[in-house]
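With compact mmCIF, C-alpha atoms inside, this is final05.txt:
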```txt
# COMPACT_ATOMS: atom_id res chain seq x y z
CA MET A 1 52.05 110.09 -5.19
CA ASN A 2 53.35 106.60 -4.33
CA GLN A 3 56.96 105.80 -3.48
CA LYS A 4 57.80 104.38 -6.92
CA SER A 5 56.47 107.46 -8.67
CA LYS A 6 58.64 109.65 -6.43
CA ILE A 7 61.72 107.62 -7.28
CA TYR A 8 61.02 107.82 -11.00
CA ASN A 9 60.44 111.57 -10.78
CA TRP A 10 63.70 112.13 -8.87
CA LEU A 11 65.57 110.00 -11.41
CA GLU A 12 64.20 112.27 -14.11
CA VAL A 13 65.35 115.35 -12.16
CA PHE A 14 68.86 113.95 -11.74
CA ALA A 15 69.06 112.94 -15.41
CA ILE A 16 68.00 116.39 -16.65
CA ALA A 17 70.36 118.14 -14.20
CA ALA A 18 73.25 115.86 -15.18
CA TRP A 19 72.84 116.67 -18.87
CA GLY A 20 72.64 120.39 -18.13
CA SER A 21 75.80 120.13 -16.02
CA LEU A 22 77.55 118.14 -18.74
CA MET A 23 76.84 120.77 -21.40
CA LEU A 24 78.04 123.63 -19.22
CA LYS A 25 81.10 121.68 -18.07
CA TYR A 26 82.28 121.16 -21.65
CA TRP A 27 81.81 124.88 -22.29
CA LEU A 28 83.56 126.06 -19.10
CA THR A 29 86.49 123.65 -19.51
CA GLY A 30 87.05 124.56 -23.17
CA LYS A 31 86.23 121.06 -24.42
CA LEU A 32 83.14 122.08 -26.35
CA ASN A 33 85.25 122.91 -29.41
CA LEU A 34 86.12 119.21 -29.65
CA LEU A 35 82.47 118.43 -30.33
CA ILE A 36 80.84 121.25 -32.28
CA HIS A 37 81.59 124.33 -34.36
CA PRO A 38 81.90 127.56 -32.28
CA ASP A 39 78.93 129.05 -34.16
CA TYR A 40 76.69 126.62 -32.24
CA PHE A 41 78.14 127.11 -28.76
CA TRP A 42 75.22 129.32 -27.78
CA LEU A 43 72.76 126.48 -28.44
CA VAL A 44 74.62 124.18 -26.05
CA ILE A 45 74.96 126.88 -23.39
CA ALA A 46 71.27 127.76 -23.65
CA GLY A 47 70.36 124.09 -23.55
CA GLY A 48 72.48 123.50 -20.45
CA ILE A 49 70.93 126.44 -18.62
CA GLY A 50 67.47 125.31 -19.74
CA PHE A 51 68.00 121.75 -18.49
CA LEU A 52 69.23 122.96 -15.11
CA SER A 53 66.25 125.33 -14.83
CA VAL A 54 63.76 122.56 -15.62
CA ALA A 55 65.48 120.21 -13.18
CA GLY A 56 65.42 122.89 -10.47
CA LEU A 57 61.73 123.62 -11.03
CA LYS A 58 60.78 119.96 -10.96
CA ALA A 59 62.85 119.38 -7.81
CA TRP A 60 61.13 122.35 -6.14
CA GLN A 61 57.73 120.86 -7.00
CA LEU A 62 58.71 117.46 -5.60
CA LEU A 63 60.04 118.96 -2.38
CA ARG A 64 56.79 120.85 -1.87
CA GLN A 65 54.93 117.55 -2.30
CA ARG A 66 52.79 118.91 -5.08
CA ARG A 67 50.85 116.32 -6.96
CA ILE A 68 52.30 115.74 -10.40
CA LEU A 69 49.92 113.99 -12.71
CA PRO A 70 51.69 111.14 -14.49
CA VAL A 71 51.76 111.25 -18.28
CA ARG A 72 50.25 108.07 -19.61
CA HIS A 73 51.92 106.65 -22.67
CA ILE A 74 52.64 103.31 -24.24
CA SER A 75 56.22 102.17 -23.74
CA LEU A 76 58.06 98.94 -24.34
CA LEU A 77 60.66 99.93 -21.73
CA PRO A 78 60.30 99.48 -17.97
CA PRO A 79 59.33 102.61 -15.96
CA GLY A 80 62.33 104.79 -15.22
CA PHE A 81 64.57 103.01 -17.73
CA SER A 82 64.98 106.03 -20.00
CA SER A 83 65.85 108.28 -17.04
CA ILE A 84 68.45 105.79 -15.81
CA LEU A 85 69.94 105.51 -19.30
CA LEU A 86 70.16 109.31 -19.66
CA LEU A 87 71.66 109.64 -16.19
CA VAL A 88 74.31 106.96 -16.79
CA THR A 89 75.38 108.45 -20.15
CA ALA A 90 75.59 111.94 -18.65
CA ILE A 91 77.72 110.69 -15.74
CA ALA A 92 80.00 108.92 -18.23
CA GLY A 93 80.37 112.21 -20.10
CA LEU A 94 81.23 114.01 -16.87
CA ILE A 95 83.90 111.44 -16.00
CA PHE A 96 85.51 110.91 -19.40
CA THR A 97 86.92 113.72 -21.54
CA PRO A 98 86.25 113.65 -25.31
CA ARG A 99 89.34 112.76 -27.30
CA VAL A 100 90.71 114.56 -30.33
CA PHE A 101 90.51 112.71 -33.64
CA ALA A 102 93.89 111.29 -34.60
CA SER A 103 95.75 109.72 -37.52
CA GLN A 104 93.87 106.41 -37.47
CA THR A 105 90.53 108.20 -37.90
CA ALA A 106 92.05 110.42 -40.58
CA MET A 107 93.24 107.36 -42.54
CA GLN A 108 89.80 105.78 -42.25
CA ARG A 109 87.99 108.90 -43.45
CA GLY A 110 90.56 109.67 -46.14
CA VAL A 111 92.85 112.69 -46.05
CA THR A 112 92.52 115.03 -49.00
CA ASP A 113 93.99 118.31 -50.24
CA PHE A 114 90.59 119.35 -51.59
CA LEU A 115 87.31 120.37 -50.02
CA ALA A 116 84.40 118.34 -51.36
CA ALA A 117 81.45 120.19 -52.88
CA THR A 118 79.26 119.34 -49.89
CA ARG A 119 81.78 120.77 -47.44
CA SER A 120 82.73 124.31 -46.53
CA GLN A 121 83.95 126.23 -49.55
CA PRO A 122 86.07 129.37 -49.66
CA GLN A 123 83.93 132.46 -50.05
CA ALA A 124 86.73 134.48 -51.55
CA PHE A 125 90.34 134.17 -52.59
CA TYR A 126 92.65 136.54 -50.78
CA GLY A 127 95.77 136.67 -52.95
CA SER A 128 97.31 139.39 -50.78
CA VAL A 129 97.86 136.98 -47.86
CA LYS A 130 101.50 136.05 -47.58
CA PRO A 131 102.06 132.34 -48.30
CA GLU A 132 103.98 131.82 -45.03
CA GLU A 133 100.96 133.17 -43.10
CA ARG A 134 98.55 130.59 -44.49
CA SER A 135 97.40 127.77 -42.25
CA LEU A 136 97.13 124.22 -43.53
CA LEU A 137 93.44 124.77 -44.23
CA ASP A 138 94.23 128.04 -46.03
CA TRP A 139 96.54 126.13 -48.39
CA VAL A 140 93.83 123.55 -49.06
CA ARG A 141 91.33 126.32 -49.78
CA THR A 142 93.85 127.97 -52.07
CA LEU A 143 94.23 124.70 -53.99
CA ASN A 144 90.45 124.56 -54.34
CA VAL A 145 90.52 127.91 -56.11
CA TYR A 146 93.47 127.08 -58.36
CA PRO A 147 94.57 123.41 -58.19
CA GLU A 148 97.74 123.56 -60.33
CA PRO A 149 100.57 122.69 -57.86
CA ASP A 150 103.32 124.22 -60.05
CA ALA A 151 101.72 127.66 -59.49
CA TYR A 152 102.96 127.60 -55.89
CA THR A 153 106.49 126.25 -56.43
CA GLY A 154 109.01 128.08 -54.29
CA GLN A 155 106.45 129.82 -52.09
CA LYS A 156 107.30 129.88 -48.40
CA VAL A 157 105.18 127.86 -46.02
CA LYS A 158 104.86 127.54 -42.24
CA VAL A 159 102.05 125.29 -41.03
CA GLN A 160 101.06 123.14 -38.08
CA GLY A 161 99.34 119.78 -37.94
CA PHE A 162 99.59 116.18 -36.77
CA THR A 163 101.53 113.47 -38.56
CA ILE A 164 100.22 110.55 -40.57
CA HIS A 165 102.36 107.79 -42.10
CA PRO A 166 100.66 106.65 -45.31
CA PRO A 167 102.12 103.19 -46.09
CA GLU A 168 102.44 104.02 -49.80
CA PHE A 169 104.66 107.07 -49.15
CA PRO A 170 108.49 106.77 -49.30
CA PRO A 171 110.26 106.66 -45.88
CA ASN A 172 111.19 110.36 -45.96
CA TYR A 173 107.62 111.56 -46.60
CA LEU A 174 104.72 112.01 -44.20
CA LEU A 175 101.32 113.66 -44.30
CA LEU A 176 100.62 116.74 -42.20
CA SER A 177 96.92 116.92 -41.40
CA ARG A 178 94.19 118.80 -39.54
CA PHE A 179 90.53 117.95 -38.99
CA VAL A 180 87.93 120.46 -40.15
CA ILE A 181 84.54 120.80 -38.42
CA THR A 182 81.64 122.32 -40.32
CA CYS A 183 78.93 121.55 -37.75
CA CYS A 184 79.91 118.88 -35.23
CA ALA A 185 82.45 116.13 -34.67
CA ALA A 186 80.28 113.67 -36.57
CA ASP A 187 80.95 115.51 -39.85
CA ALA A 188 84.63 116.33 -39.15
CA TYR A 189 86.91 115.46 -42.05
CA PRO A 190 90.71 115.54 -42.44
CA VAL A 191 92.68 117.68 -44.88
CA GLY A 192 96.42 117.65 -45.32
CA LEU A 193 99.51 118.04 -47.46
CA PRO A 194 102.54 115.78 -47.98
CA VAL A 195 105.81 116.81 -46.37
CA LYS A 196 109.24 115.86 -47.77
CA LEU A 197 111.64 115.50 -44.86
CA THR A 198 115.41 115.72 -44.64
CA GLU A 199 115.37 112.50 -42.58
CA ASP A 200 113.36 109.33 -42.04
CA ARG A 201 109.80 109.94 -40.87
CA GLN A 202 110.20 107.42 -38.02
CA ALA A 203 111.61 110.32 -36.02
CA TYR A 204 108.04 111.69 -35.99
CA PRO A 205 105.58 108.96 -34.92
CA PRO A 206 101.92 109.19 -36.05
CA ASP A 207 99.87 111.79 -34.17
CA THR A 208 102.93 113.91 -33.36
CA TRP A 209 102.10 117.61 -33.66
CA LEU A 210 104.62 119.49 -35.79
CA GLU A 211 105.34 122.95 -37.07
CA VAL A 212 106.85 122.60 -40.53
CA GLU A 213 108.67 125.42 -42.25
CA GLY A 214 109.95 125.30 -45.82
CA GLN A 215 108.81 125.94 -49.38
CA MET A 216 106.34 124.42 -51.79
CA ILE A 217 107.37 121.92 -54.48
CA THR A 218 105.50 119.56 -56.78
CA GLU A 219 106.00 115.83 -56.23
CA THR A 220 104.42 112.73 -57.76
CA LEU A 221 103.00 110.57 -54.99
CA LYS A 222 100.57 107.70 -55.48
CA ASP A 223 100.76 108.38 -59.24
CA LYS A 224 99.45 111.89 -58.71
CA ARG A 225 101.13 115.28 -58.95
CA GLN A 226 100.69 116.89 -55.55
CA LEU A 227 101.63 120.13 -53.89
CA THR A 228 104.23 119.12 -51.31
CA ILE A 229 106.02 120.91 -48.50
CA GLN A 230 109.81 120.66 -48.74
CA ALA A 231 110.99 121.03 -45.14
CA ASN A 232 114.00 123.31 -44.78
CA ALA A 233 115.17 121.46 -41.66
CA ALA A 234 113.87 119.07 -39.04
CA PRO A 235 110.27 120.00 -38.19
CA LYS A 236 109.64 121.41 -34.73
CA LYS A 237 107.60 119.25 -32.35
CA ILE A 238 104.86 121.25 -30.64
CA PRO A 239 102.20 120.51 -28.01
CA GLU A 240 98.71 119.64 -29.19
CA PRO A 241 96.88 122.98 -29.63
CA GLN A 242 94.10 123.86 -27.22
CA ASN A 243 91.86 123.99 -30.26
CA PRO A 244 93.13 121.24 -32.59
CA TYR A 245 90.43 121.62 -35.23
CA GLU A 246 90.04 124.02 -38.14
CA TYR A 247 86.77 125.72 -39.10
```
Once more with this new file: its structure as structure tokens, please.
Amino acid sequence: MNQKSKIYNWLEVFAIAAWGSLMLKYWLTGKLNLLIHPDYFWLVIAGGIGFLSVAGLKAWQLLRQRRILPVRHISLLPPGFSSILLLVTAIAGLIFTPRVFASQTAMQRGVTDFLAATRSQPQAFYGSVKPEERSLLDWVRTLNVYPEPDAYTGQKVKVQGFTIHPPEFPPNYLLLSRFVITCCAADAYPVGLPVKLTEDRQAYPPDTWLEVEGQMITETLKDKRQLTIQANAAPKKIPEPQNPYEY
């Protein structure tokens, strides 16, 4: 095995090991839930362990100076380029932490109080759940089952989410939103409900996490009758949750 082949093989080992380490790091640091649905955690964990095992085996072979027959294939890229690219992207992932989607992304993707037909649908409607115990996503699912906003007038509500300032809303209204992941961050979509405040929304800048307590009313916003949260008092500012997404 010539010197160049050794270098290329070690680059491949480092690239595979780096990706295995990256997967396990996200899992161990609790950041994996920012990227995929918990149902698929086991795939990432298994993949990380598998990558590290392959990298360890290949490193053991190289250290024992065993001859590794090169795989001949046609490539438009220079030798070792793919390994370098994989290694650099994995190192970037190890250095930088994934960021939570925020209000700007929510505005771009369009916040809704309904779940589209291609997205996760409620499997059942649990009418026995107290209204004040429903999360923001629970309220959206409830609206999917029965979308008449007047049916919920006066019901108590206590929900958490991040703030959005739709430009078409009056100054004392904001949108409380959460992102929902059905598979991975690529398919995450925002859901939310309007909130009628007792003060100007400028007291709660975009992306501020709030706990809002009040009761449901029906308001006409953007020429549409919408279920709206009437805040009883000033919403409570809260830290960003460890798991900011809904499932």
Requested in this report: Give me, please, the distance in Å between atom CA of A:Leu227 and atom CA of A:Leu137, quoted to one decimal.
Outcome: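 These atoms are spaced 13.5 Å apart.
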**Report entry** Residue neighbourhood A:Trp27, 10 Å, all atoms listed in the file, exclusion window fewer than 5 positions, as a PyMOL selection string
**Finding:** chain A and resi 21-22+32-33+41-42+44-45+48
Report task. Would you work out the distance separating atom CA of A:Gln104 from atom CA of A:Pro190, expressed in Å to one decimal? Result -> 10.9 Å
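Distances from A:Arg99, A:Lys222, A:Arg178, A:His165 to A:Asp200 were compared using only C-alpha atoms, and the smallest one belongs to A:His165.
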**Report entry** Exercise: A:Ala17 partners within 10 Å, only C-alpha atoms, chain neighbours under 5 positions left out, as a count of residues only
**Finding:** 15
